[in-house]
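What follows is a single structure, written as C-alpha cells, with notes after it.
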Amino acid sequence: MKAVIAYGDGYSVCDNCLTPFRLDYIKKPPIADFHVDLAAWLGMAEARVVPGARRGFQAVASTYVEKGDPVLVTALSHYTEFIAVEAAGGVAYEVPADETHQITADAAAGKIEEVIRSTGKTPKLLFVGHADYQFGNIHDVKGVARAAHEYDIPVLCNGAYTVGVMPVDGKDLGVDFIVGSGHKSMAAPAPSGVLAATAERAEEVFRTTEAHGDVSGRSFGIKEVEMMGCTLMGVTLIGMMASFPHVRERVRRWDGELENAAIVLDALLSIEGTEVLSEFPRRHTLTRIDTTGSFDRVAKTHKKRGFFLSSALRKRGITGVIPGSTRVWKYNTYGMTRKQAVYTAEAFTAIAEENELALR
Ligand SMILES: *Cc1c(COP(=O)(O)O)cnc(C)c1O
C-alpha cells in the first residue's frame with residue numbers, strides 16, 4: 001500500500017524511460033529486472049505485464065486467430081477466454097470435461113479431431129485452465145499440451161487460480177503461454193496480470209510495430225503491437241513488484257495451504273449428508289461442495305431459511321461464504337493460518353450440531 005501511494009500519480013514509472021523507450025527496459029525503478037525475474041519464475045523465456053489475465057488471452061488470440069477460425073477452450077473455461085476468441089473473430093469449441101470434472105489429454109485430442117472433421121480447419125489455439133474456477137480441480141495441462149502439439153496448435157495455460165499461489169513451471173507443463181492474474185492470485189492491485197511465453201512464441205506475440213506515417217515518415221521503434229506499446233505504466237505495475245517477493249515466497253508454502261484446506265473439508269465431510277464435488281483429495285484450496293443433504297435440510301425449516309448458515313458463520317467471525325447458499329457452493333481457504341483453519345472447521349461442525357445434524 002505504501003508503494004501504491006508513492007506511485008499513484010499518472011505515468012509514474014516513466015520518468016526514467018530512456019531509449020529504446022519501452023516499459024520493460026526501464027531500469028529505475030527496476031522494471032527490467034522484474035520482467036526477467038517473472039519469466040524465470042514461471043519457467044518461460046519472456047514475460048510482459050498486462051492489465052488483467054483477460055488482456056493476456058486477448059493478445060494471444062489476436063495474434064493467431066482470424067475470422068471464422070476454430071479455437072479450443074474447455075467446458076470449464078472462464079468467460080474471458082470465450083470473449084478473447086470472439087473479439088478476434090474466432091469460434092470457440094469446448095473440450096468436454098469427464099464425469100470427474102477433469103480435462104484430459106484424450107478429450108482434447110478427440111475434440112481436435114472432431115473440429116477438424118466438422119469445420120475442415122485445425123484449431124488455431126487451445127486454452128486450458130491449470131486450476132478451473134468451478135471445482136478448483138488441477139487439470140492434466142501437460143498431457144493436453146502434448147496432444148495439441150501433435151497438431152502444431154499453440155497452448156495457453158490459464159493460471160488465474162495458480163500463478164502466485166502455487167508453484168507453476170511452464171517448461172515442465174510444456175505450454176507455449178502462461179497467463180496469471182495480478183489482482184486474483186498475485187496480491188496486486190487491479191487491473192494487472194502477466195503473460196509469459198516461450199522464446200519461439202514470444203517472437204510472434206511480442207512482435208514489434210512496422211507502422212510508419214506516410215506523411216511524417218515516422219516509425220515507432222520497438223513498441224510491441226499486441227501490448228499497444230506499453231501496458232502497466234504506474235501504480236498497478238509497482239503494486240505487482242512490491243508484492244512479488246512475498247508472492248514468490250508464499251508459493252513455497254502451498255503444502256501448508258493444502259493441509260488447511262483438508263482440515264476444513266474433513267470437518268464439512270464429517271457432517272452427514274455433505275458431499276465434495278471437487279476432486280478428492282484436494283490439490284487446490286478452492287473447493288465445491290454439496291450440502292443439499294445437510295445444511296439445506298436445516299434451511300427448509302429454519303426461520304432464517306438458507307441464511308442461517310452465513311449468519312451463524314458471521315456470528316463466529318467467518319465471512320466469505322455466499323449468504324443464502326446451502327445447496328451447492330464453493331469456498332477457498334487460501335491464506336488462512338492453521339489456527340483459523342482449525343477454528344473454521346470447528347465452527348462448521350458446531351453449527352451442524354446446534355442444528356441437530358448428525359456427525360459421521
Ligand atoms: C478471474 C479469472 C480470469 C480473469 O482474470 P482477470 O485478471 O480479471 O482478467 C480468467 N480466468 C479465470 C479462471 C478466472 O477465474
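Numbering starts fresh at 1 for the residues of each chain in the C-alpha cells, the chains themselves are lettered A, B, ... in the order given, and ligands are numbered from 1 as they appear.
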
Give me every strand (DSSP E or B) residue in region 260-360 of chain A, going by DSSP on the backbone, as a VMD selection string. chain A and resid 271 275 to 276 286 to 290 328 to 332 359

Within 6 Å of ligand 1, counting only C-alpha atoms and all ligand atoms: which residues, as a ChimeraX atom specification? /A:52-54,78,80,132-133,160,181,193

Find the residues near Ser185 (chain A): any atom within 9 Å, counting only C-alpha atoms, skip ones fewer than 4 places away on the same chain, and give them as a count of residues only. 10

Residue with the minimum atom-to-atom distance to Val194 (chain A), picked from A:Glu46, A:Asp152, A:Glu81, A:Asp15 with only C-alpha atoms counted, is A:Glu46

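Minimum atom-to-atom distances from A:Val49, A:Leu76, A:Leu359, A:Ala345 to Thr236 (chain A) were compared using only C-alpha atoms, and the lowest value belongs to A:Val49.
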
Determine, counting only C-alpha atoms, which protein, DNA and RNA residues have an atom within 10 Å of an atom of Gly293 (chain A); residues of the same chain fewer than 6 positions away are not included. Present the result as a PyMOL selection string. chain A and resi 271-275+326-327+357

Based on DSSP run over this structure's backbone, return all residues of region 111-272 of chain A in alpha helix (DSSP H), as a PDB file with N, CA and C atoms, in the first residue's frame.
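Result file is result14.pdb:
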```
ATOM      1  N   LYS A 111     -11.475 -33.824 -29.312  1.00  0.00           N
ATOM      2  CA  LYS A 111     -12.148 -32.604 -29.762  1.00  0.00           C
ATOM      3  C   LYS A 111     -11.418 -31.983 -30.961  1.00  0.00           C
ATOM      4  N   ILE A 112     -10.103 -32.059 -30.953  1.00  0.00           N
ATOM      5  CA  ILE A 112      -9.339 -31.535 -32.094  1.00  0.00           C
ATOM      6  C   ILE A 112      -9.779 -32.271 -33.365  1.00  0.00           C
ATOM      7  N   GLU A 113      -9.839 -33.597 -33.293  1.00  0.00           N
ATOM      8  CA  GLU A 113     -10.265 -34.411 -34.446  1.00  0.00           C
ATOM      9  C   GLU A 113     -11.682 -34.035 -34.883  1.00  0.00           C
ATOM     10  N   GLU A 114     -12.558 -33.883 -33.892  1.00  0.00           N
ATOM     11  CA  GLU A 114     -13.958 -33.567 -34.192  1.00  0.00           C
ATOM     12  C   GLU A 114     -14.074 -32.213 -34.904  1.00  0.00           C
ATOM     13  N   VAL A 115     -13.313 -31.224 -34.435  1.00  0.00           N
ATOM     14  CA  VAL A 115     -13.367 -29.882 -35.042  1.00  0.00           C
ATOM     15  C   VAL A 115     -12.794 -29.912 -36.460  1.00  0.00           C
ATOM     16  N   ILE A 116     -11.726 -30.662 -36.638  1.00  0.00           N
ATOM     17  CA  ILE A 116     -11.142 -30.773 -37.983  1.00  0.00           C
ATOM     18  C   ILE A 116     -12.166 -31.412 -38.930  1.00  0.00           C
ATOM     19  N   ARG A 117     -12.839 -32.447 -38.442  1.00  0.00           N
ATOM     20  CA  ARG A 117     -13.839 -33.147 -39.264  1.00  0.00           C
ATOM     21  C   ARG A 117     -15.005 -32.218 -39.616  1.00  0.00           C
ATOM     22  N   SER A 118     -15.481 -31.470 -38.614  1.00  0.00           N
ATOM     23  CA  SER A 118     -16.703 -30.694 -38.859  1.00  0.00           C
ATOM     24  C   SER A 118     -16.437 -29.346 -39.538  1.00  0.00           C
ATOM     25  N   THR A 119     -15.242 -28.767 -39.365  1.00  0.00           N
ATOM     26  CA  THR A 119     -15.000 -27.439 -39.960  1.00  0.00           C
ATOM     27  C   THR A 119     -13.991 -27.484 -41.106  1.00  0.00           C
ATOM     28  N   VAL A 141      -2.572 -30.438 -17.735  1.00  0.00           N
ATOM     29  CA  VAL A 141      -2.131 -29.444 -18.727  1.00  0.00           C
ATOM     30  C   VAL A 141      -1.009 -30.027 -19.595  1.00  0.00           C
ATOM     31  N   LYS A 142      -0.127 -30.775 -18.966  1.00  0.00           N
ATOM     32  CA  LYS A 142       0.999 -31.370 -19.679  1.00  0.00           C
ATOM     33  C   LYS A 142       0.510 -32.315 -20.787  1.00  0.00           C
ATOM     34  N   GLY A 143      -0.417 -33.184 -20.430  1.00  0.00           N
ATOM     35  CA  GLY A 143      -0.965 -34.135 -21.405  1.00  0.00           C
ATOM     36  C   GLY A 143      -1.748 -33.434 -22.504  1.00  0.00           C
ATOM     37  N   VAL A 144      -2.520 -32.441 -22.127  1.00  0.00           N
ATOM     38  CA  VAL A 144      -3.319 -31.684 -23.096  1.00  0.00           C
ATOM     39  C   VAL A 144      -2.381 -30.959 -24.075  1.00  0.00           C
ATOM     40  N   ALA A 145      -1.304 -30.365 -23.536  1.00  0.00           N
ATOM     41  CA  ALA A 145      -0.351 -29.635 -24.386  1.00  0.00           C
ATOM     42  C   ALA A 145       0.325 -30.595 -25.362  1.00  0.00           C
ATOM     43  N   ARG A 146       0.674 -31.764 -24.873  1.00  0.00           N
ATOM     44  CA  ARG A 146       1.319 -32.751 -25.742  1.00  0.00           C
ATOM     45  C   ARG A 146       0.370 -33.135 -26.891  1.00  0.00           C
ATOM     46  N   ALA A 147      -0.898 -33.342 -26.557  1.00  0.00           N
ATOM     47  CA  ALA A 147      -1.888 -33.702 -27.586  1.00  0.00           C
ATOM     48  C   ALA A 147      -2.026 -32.579 -28.613  1.00  0.00           C
ATOM     49  N   ALA A 148      -2.111 -31.333 -28.158  1.00  0.00           N
ATOM     50  CA  ALA A 148      -2.299 -30.198 -29.067  1.00  0.00           C
ATOM     51  C   ALA A 148      -1.073 -30.008 -29.957  1.00  0.00           C
ATOM     52  N   HIS A 149       0.095 -30.242 -29.389  1.00  0.00           N
ATOM     53  CA  HIS A 149       1.334 -30.039 -30.159  1.00  0.00           C
ATOM     54  C   HIS A 149       1.486 -31.050 -31.289  1.00  0.00           C
ATOM     55  N   GLY A 170       6.181 -23.377 -16.493  1.00  0.00           N
ATOM     56  CA  GLY A 170       5.706 -23.513 -17.869  1.00  0.00           C
ATOM     57  C   GLY A 170       6.504 -24.497 -18.692  1.00  0.00           C
ATOM     58  N   LYS A 171       7.771 -24.586 -18.364  1.00  0.00           N
ATOM     59  CA  LYS A 171       8.636 -25.517 -19.102  1.00  0.00           C
ATOM     60  C   LYS A 171       8.208 -26.945 -18.803  1.00  0.00           C
ATOM     61  N   ASP A 172       7.978 -27.229 -17.535  1.00  0.00           N
ATOM     62  CA  ASP A 172       7.541 -28.555 -17.144  1.00  0.00           C
ATOM     63  C   ASP A 172       6.157 -28.864 -17.725  1.00  0.00           C
ATOM     64  N   LEU A 173       5.290 -27.874 -17.751  1.00  0.00           N
ATOM     65  CA  LEU A 173       3.937 -28.095 -18.297  1.00  0.00           C
ATOM     66  C   LEU A 173       3.993 -28.240 -19.825  1.00  0.00           C
ATOM     67  N   GLY A 182      -2.863 -10.619 -11.791  1.00  0.00           N
ATOM     68  CA  GLY A 182      -2.246  -9.896 -10.675  1.00  0.00           C
ATOM     69  C   GLY A 182      -3.197  -9.717  -9.518  1.00  0.00           C
ATOM     70  N   HIS A 183      -4.431  -9.295  -9.834  1.00  0.00           N
ATOM     71  CA  HIS A 183      -5.379  -8.987  -8.754  1.00  0.00           C
ATOM     72  C   HIS A 183      -6.099 -10.212  -8.246  1.00  0.00           C
ATOM     73  N   LYS A 184      -5.955 -11.361  -8.930  1.00  0.00           N
ATOM     74  CA  LYS A 184      -6.606 -12.552  -8.403  1.00  0.00           C
ATOM     75  C   LYS A 184      -5.666 -13.332  -7.489  1.00  0.00           C
ATOM     76  N   SER A 185      -4.510 -13.722  -7.994  1.00  0.00           N
ATOM     77  CA  SER A 185      -3.657 -14.609  -7.191  1.00  0.00           C
ATOM     78  C   SER A 185      -2.259 -14.074  -6.933  1.00  0.00           C
ATOM     79  N   ALA A 199      10.429 -18.743 -26.043  1.00  0.00           N
ATOM     80  CA  ALA A 199      11.206 -17.865 -26.932  1.00  0.00           C
ATOM     81  C   ALA A 199      10.573 -17.823 -28.332  1.00  0.00           C
ATOM     82  N   GLU A 200      10.187 -18.984 -28.818  1.00  0.00           N
ATOM     83  CA  GLU A 200       9.615 -19.060 -30.165  1.00  0.00           C
ATOM     84  C   GLU A 200       8.300 -18.276 -30.266  1.00  0.00           C
ATOM     85  N   ARG A 201       7.430 -18.455 -29.293  1.00  0.00           N
ATOM     86  CA  ARG A 201       6.117 -17.785 -29.327  1.00  0.00           C
ATOM     87  C   ARG A 201       6.224 -16.306 -28.975  1.00  0.00           C
ATOM     88  N   ALA A 202       7.237 -15.942 -28.191  1.00  0.00           N
ATOM     89  CA  ALA A 202       7.433 -14.535 -27.831  1.00  0.00           C
ATOM     90  C   ALA A 202       7.667 -13.708 -29.100  1.00  0.00           C
ATOM     91  N   GLU A 203       8.383 -14.279 -30.047  1.00  0.00           N
ATOM     92  CA  GLU A 203       8.642 -13.544 -31.298  1.00  0.00           C
ATOM     93  C   GLU A 203       7.345 -13.223 -32.031  1.00  0.00           C
ATOM     94  N   GLU A 204       6.372 -14.097 -31.871  1.00  0.00           N
ATOM     95  CA  GLU A 204       5.095 -13.892 -32.570  1.00  0.00           C
ATOM     96  C   GLU A 204       4.178 -12.933 -31.808  1.00  0.00           C
ATOM     97  N   VAL A 205       3.985 -13.209 -30.523  1.00  0.00           N
ATOM     98  CA  VAL A 205       3.023 -12.397 -29.763  1.00  0.00           C
ATOM     99  C   VAL A 205       3.611 -11.034 -29.375  1.00  0.00           C
ATOM    100  N   VAL A 235       0.984   2.693 -11.127  1.00  0.00           N
ATOM    101  CA  VAL A 235       0.680   2.120  -9.820  1.00  0.00           C
ATOM    102  C   VAL A 235       0.429   0.605  -9.851  1.00  0.00           C
ATOM    103  N   THR A 236      -0.201   0.095 -10.908  1.00  0.00           N
ATOM    104  CA  THR A 236      -0.502  -1.344 -10.926  1.00  0.00           C
ATOM    105  C   THR A 236       0.779  -2.165 -11.022  1.00  0.00           C
ATOM    106  N   LEU A 237       1.689  -1.722 -11.879  1.00  0.00           N
ATOM    107  CA  LEU A 237       2.964  -2.430 -12.023  1.00  0.00           C
ATOM    108  C   LEU A 237       3.758  -2.375 -10.722  1.00  0.00           C
ATOM    109  N   ILE A 238       3.807  -1.203 -10.110  1.00  0.00           N
ATOM    110  CA  ILE A 238       4.560  -1.078  -8.855  1.00  0.00           C
ATOM    111  C   ILE A 238       3.922  -1.940  -7.763  1.00  0.00           C
ATOM    112  N   GLY A 239       2.611  -2.058  -7.790  1.00  0.00           N
ATOM    113  CA  GLY A 239       1.922  -2.941  -6.841  1.00  0.00           C
ATOM    114  C   GLY A 239       2.337  -4.389  -7.038  1.00  0.00           C
ATOM    115  N   MET A 240       2.399  -4.825  -8.294  1.00  0.00           N
ATOM    116  CA  MET A 240       2.848  -6.199  -8.578  1.00  0.00           C
ATOM    117  C   MET A 240       4.275  -6.410  -8.091  1.00  0.00           C
ATOM    118  N   MET A 241       5.118  -5.413  -8.368  1.00  0.00           N
ATOM    119  CA  MET A 241       6.535  -5.538  -7.990  1.00  0.00           C
ATOM    120  C   MET A 241       6.711  -5.560  -6.478  1.00  0.00           C
ATOM    121  N   ALA A 242       5.940  -4.730  -5.784  1.00  0.00           N
ATOM    122  CA  ALA A 242       6.065  -4.665  -4.325  1.00  0.00           C
ATOM    123  C   ALA A 242       5.630  -5.979  -3.687  1.00  0.00           C
ATOM    124  N   SER A 243       4.633  -6.637  -4.301  1.00  0.00           N
ATOM    125  CA  SER A 243       4.132  -7.902  -3.742  1.00  0.00           C
ATOM    126  C   SER A 243       4.972  -9.109  -4.155  1.00  0.00           C
ATOM    127  N   PHE A 244       5.746  -8.957  -5.209  1.00  0.00           N
ATOM    128  CA  PHE A 244       6.407 -10.131  -5.802  1.00  0.00           C
ATOM    129  C   PHE A 244       7.291 -10.932  -4.835  1.00  0.00           C
ATOM    130  N   PRO A 245       8.134 -10.292  -4.025  1.00  0.00           N
ATOM    131  CA  PRO A 245       8.962 -11.090  -3.104  1.00  0.00           C
ATOM    132  C   PRO A 245       8.103 -11.949  -2.165  1.00  0.00           C
ATOM    133  N   HIS A 246       7.005 -11.379  -1.683  1.00  0.00           N
ATOM    134  CA  HIS A 246       6.090 -12.115  -0.813  1.00  0.00           C
ATOM    135  C   HIS A 246       5.409 -13.256  -1.575  1.00  0.00           C
ATOM    136  N   VAL A 247       4.996 -12.958  -2.798  1.00  0.00           N
ATOM    137  CA  VAL A 247       4.289 -13.960  -3.612  1.00  0.00           C
ATOM    138  C   VAL A 247       5.215 -15.138  -3.928  1.00  0.00           C
ATOM    139  N   ARG A 248       6.455 -14.798  -4.275  1.00  0.00           N
ATOM    140  CA  ARG A 248       7.424 -15.849  -4.614  1.00  0.00           C
ATOM    141  C   ARG A 248       7.691 -16.742  -3.402  1.00  0.00           C
ATOM    142  N   GLU A 249       7.686 -16.124  -2.241  1.00  0.00           N
ATOM    143  CA  GLU A 249       7.909 -16.866  -1.001  1.00  0.00           C
ATOM    144  C   GLU A 249       6.694 -17.741  -0.677  1.00  0.00           C
ATOM    145  N   ARG A 250       5.506 -17.199  -0.840  1.00  0.00           N
ATOM    146  CA  ARG A 250       4.318 -17.919  -0.367  1.00  0.00           C
ATOM    147  C   ARG A 250       3.969 -19.131  -1.227  1.00  0.00           C
ATOM    148  N   TRP A 254       2.663 -23.828  -0.321  1.00  0.00           N
ATOM    149  CA  TRP A 254       1.411 -24.380  -0.853  1.00  0.00           C
ATOM    150  C   TRP A 254       0.972 -25.628  -0.097  1.00  0.00           C
ATOM    151  N   ASP A 255       1.920 -26.480   0.276  1.00  0.00           N
ATOM    152  CA  ASP A 255       1.560 -27.706   1.004  1.00  0.00           C
ATOM    153  C   ASP A 255       0.821 -27.392   2.294  1.00  0.00           C
ATOM    154  N   GLY A 256       1.262 -26.354   2.987  1.00  0.00           N
ATOM    155  CA  GLY A 256       0.593 -25.930   4.222  1.00  0.00           C
ATOM    156  C   GLY A 256      -0.815 -25.430   3.924  1.00  0.00           C
ATOM    157  N   GLU A 257      -0.975 -24.758   2.788  1.00  0.00           N
ATOM    158  CA  GLU A 257      -2.312 -24.293   2.376  1.00  0.00           C
ATOM    159  C   GLU A 257      -3.226 -25.495   2.117  1.00  0.00           C
ATOM    160  N   LEU A 258      -2.670 -26.538   1.489  1.00  0.00           N
ATOM    161  CA  LEU A 258      -3.480 -27.735   1.209  1.00  0.00           C
ATOM    162  C   LEU A 258      -3.861 -28.448   2.503  1.00  0.00           C
ATOM    163  N   GLU A 259      -2.968 -28.407   3.484  1.00  0.00           N
ATOM    164  CA  GLU A 259      -3.298 -29.012   4.783  1.00  0.00           C
ATOM    165  C   GLU A 259      -4.463 -28.261   5.428  1.00  0.00           C
ATOM    166  N   ASN A 260      -4.429 -26.922   5.345  1.00  0.00           N
ATOM    167  CA  ASN A 260      -5.544 -26.137   5.891  1.00  0.00           C
ATOM    168  C   ASN A 260      -6.850 -26.474   5.169  1.00  0.00           C
ATOM    169  N   ALA A 261      -6.763 -26.600   3.835  1.00  0.00           N
ATOM    170  CA  ALA A 261      -7.960 -26.939   3.052  1.00  0.00           C
ATOM    171  C   ALA A 261      -8.517 -28.286   3.498  1.00  0.00           C
ATOM    172  N   ALA A 262      -7.622 -29.233   3.766  1.00  0.00           N
ATOM    173  CA  ALA A 262      -8.053 -30.574   4.181  1.00  0.00           C
ATOM    174  C   ALA A 262      -8.709 -30.536   5.563  1.00  0.00           C
ATOM    175  N   ILE A 263      -8.189 -29.711   6.455  1.00  0.00           N
ATOM    176  CA  ILE A 263      -8.761 -29.605   7.809  1.00  0.00           C
ATOM    177  C   ILE A 263     -10.221 -29.137   7.727  1.00  0.00           C
ATOM    178  N   VAL A 264     -10.459 -28.114   6.911  1.00  0.00           N
ATOM    179  CA  VAL A 264     -11.816 -27.572   6.797  1.00  0.00           C
ATOM    180  C   VAL A 264     -12.729 -28.563   6.068  1.00  0.00           C
ATOM    181  N   LEU A 265     -12.214 -29.162   4.997  1.00  0.00           N
ATOM    182  CA  LEU A 265     -13.061 -30.088   4.231  1.00  0.00           C
ATOM    183  C   LEU A 265     -13.383 -31.345   5.049  1.00  0.00           C
ATOM    184  N   ASP A 266     -12.405 -31.864   5.794  1.00  0.00           N
ATOM    185  CA  ASP A 266     -12.670 -33.040   6.633  1.00  0.00           C
ATOM    186  C   ASP A 266     -13.816 -32.761   7.596  1.00  0.00           C
ATOM    187  N   ALA A 267     -13.810 -31.561   8.158  1.00  0.00           N
ATOM    188  CA  ALA A 267     -14.886 -31.203   9.095  1.00  0.00           C
ATOM    189  C   ALA A 267     -16.231 -31.168   8.374  1.00  0.00           C
ATOM    190  N   LEU A 268     -16.243 -30.563   7.196  1.00  0.00           N
ATOM    191  CA  LEU A 268     -17.507 -30.496   6.445  1.00  0.00           C
ATOM    192  C   LEU A 268     -18.002 -31.895   6.086  1.00  0.00           C
ATOM    193  N   LEU A 269     -17.053 -32.761   5.682  1.00  0.00           N
ATOM    194  CA  LEU A 269     -17.458 -34.110   5.276  1.00  0.00           C
ATOM    195  C   LEU A 269     -17.848 -34.978   6.459  1.00  0.00           C
TER     196      LEU A 269
END
```

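Close contacts of Ala299 (chain A), defined as residues with an atom at most 10 Å away when counting only C-alpha atoms, with chain neighbours fewer than 3 positions off set aside, comprise A:Thr292, A:Ser294, A:Phe295, A:Asp296, A:His302, A:Lys303, A:Lys304, A:Arg305, A:Gly306, A:Phe307, A:Phe308, A:Leu309, A:Gly324, A:Ser325, A:Thr326, A:Arg327, A:Asn355.
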
Output N, CA and C atoms of each residue in that selection to a file, as a PDB file, in the first residue's frame.
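The file below, selection-v6.pdb, is the result:
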```pdb
ATOM      1  N   THR A 292     -26.762 -30.217   0.119  1.00  0.00           N
ATOM      2  CA  THR A 292     -28.210 -30.414  -0.023  1.00  0.00           C
ATOM      3  C   THR A 292     -28.725 -31.393   1.046  1.00  0.00           C
ATOM      4  N   SER A 294     -27.420 -31.883   3.990  1.00  0.00           N
ATOM      5  CA  SER A 294     -27.107 -31.488   5.378  1.00  0.00           C
ATOM      6  C   SER A 294     -27.646 -30.081   5.674  1.00  0.00           C
ATOM      7  N   PHE A 295     -26.850 -29.044   5.392  1.00  0.00           N
ATOM      8  CA  PHE A 295     -27.281 -27.685   5.751  1.00  0.00           C
ATOM      9  C   PHE A 295     -28.599 -27.284   5.073  1.00  0.00           C
ATOM     10  N   ASP A 296     -28.831 -27.791   3.872  1.00  0.00           N
ATOM     11  CA  ASP A 296     -30.082 -27.402   3.211  1.00  0.00           C
ATOM     12  C   ASP A 296     -31.310 -28.024   3.881  1.00  0.00           C
ATOM     13  N   HIS A 302     -35.694 -23.767   9.142  1.00  0.00           N
ATOM     14  CA  HIS A 302     -35.123 -22.687   9.964  1.00  0.00           C
ATOM     15  C   HIS A 302     -35.823 -21.368   9.663  1.00  0.00           C
ATOM     16  N   LYS A 303     -36.011 -20.532  10.714  1.00  0.00           N
ATOM     17  CA  LYS A 303     -36.736 -19.286  10.453  1.00  0.00           C
ATOM     18  C   LYS A 303     -35.928 -18.323   9.565  1.00  0.00           C
ATOM     19  N   LYS A 304     -34.611 -18.477   9.573  1.00  0.00           N
ATOM     20  CA  LYS A 304     -33.787 -17.640   8.674  1.00  0.00           C
ATOM     21  C   LYS A 304     -33.605 -18.297   7.300  1.00  0.00           C
ATOM     22  N   ARG A 305     -34.225 -19.435   7.112  1.00  0.00           N
ATOM     23  CA  ARG A 305     -34.073 -20.240   5.882  1.00  0.00           C
ATOM     24  C   ARG A 305     -32.592 -20.421   5.512  1.00  0.00           C
ATOM     25  N   GLY A 306     -32.234 -20.284   4.246  1.00  0.00           N
ATOM     26  CA  GLY A 306     -30.850 -20.556   3.834  1.00  0.00           C
ATOM     27  C   GLY A 306     -29.818 -19.628   4.462  1.00  0.00           C
ATOM     28  N   PHE A 307     -30.309 -18.503   5.000  1.00  0.00           N
ATOM     29  CA  PHE A 307     -29.367 -17.526   5.553  1.00  0.00           C
ATOM     30  C   PHE A 307     -28.846 -17.929   6.934  1.00  0.00           C
ATOM     31  N   PHE A 308     -29.401 -19.016   7.500  1.00  0.00           N
ATOM     32  CA  PHE A 308     -28.960 -19.415   8.833  1.00  0.00           C
ATOM     33  C   PHE A 308     -27.454 -19.726   8.846  1.00  0.00           C
ATOM     34  N   LEU A 309     -26.953 -20.292   7.731  1.00  0.00           N
ATOM     35  CA  LEU A 309     -25.556 -20.733   7.706  1.00  0.00           C
ATOM     36  C   LEU A 309     -24.601 -19.544   7.701  1.00  0.00           C
ATOM     37  N   GLY A 324     -27.017 -17.248   2.019  1.00  0.00           N
ATOM     38  CA  GLY A 324     -28.193 -17.914   1.471  1.00  0.00           C
ATOM     39  C   GLY A 324     -27.900 -19.249   0.805  1.00  0.00           C
ATOM     40  N   SER A 325     -26.636 -19.514   0.464  1.00  0.00           N
ATOM     41  CA  SER A 325     -26.304 -20.779  -0.221  1.00  0.00           C
ATOM     42  C   SER A 325     -26.243 -21.932   0.769  1.00  0.00           C
ATOM     43  N   THR A 326     -27.087 -22.941   0.545  1.00  0.00           N
ATOM     44  CA  THR A 326     -26.977 -24.142   1.385  1.00  0.00           C
ATOM     45  C   THR A 326     -27.008 -25.412   0.549  1.00  0.00           C
ATOM     46  N   ARG A 327     -27.030 -25.263  -0.789  1.00  0.00           N
ATOM     47  CA  ARG A 327     -27.027 -26.487  -1.620  1.00  0.00           C
ATOM     48  C   ARG A 327     -25.631 -26.699  -2.191  1.00  0.00           C
ATOM     49  N   ASN A 355     -27.790 -27.496  15.029  1.00  0.00           N
ATOM     50  CA  ASN A 355     -28.987 -27.666  14.211  1.00  0.00           C
ATOM     51  C   ASN A 355     -29.390 -29.134  14.054  1.00  0.00           C
TER      52      ASN A 355
END
```

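Counting from CA of Glu94 (chain A), the distance to CA of Glu66 (chain A) is 18.2 Å.
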
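Between Asp33 (chain A) and the residues A:Thr19, A:Arg48, A:Cys14, A:Val91, the shortest atom-to-atom distance, using only C-alpha atoms, involves A:Arg48.
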
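When only C-alpha atoms are used to measure the gap to His139 (chain A), the shortest distance among A:Asp9, A:Glu356, A:Asp98, A:Asp176 belongs to A:Asp98.
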
Tell me, as a list in words, which residues lie within 9 Å of Ser278 (chain A), counting only C-alpha atoms; anything in the same chain fewer than 5 positions away does not count.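 What passes the distance filter is Thr100, His101, Gln134, Phe135, Gly136, Asn137, Leu286, Thr287, Arg288 and Ile289 of chain A.
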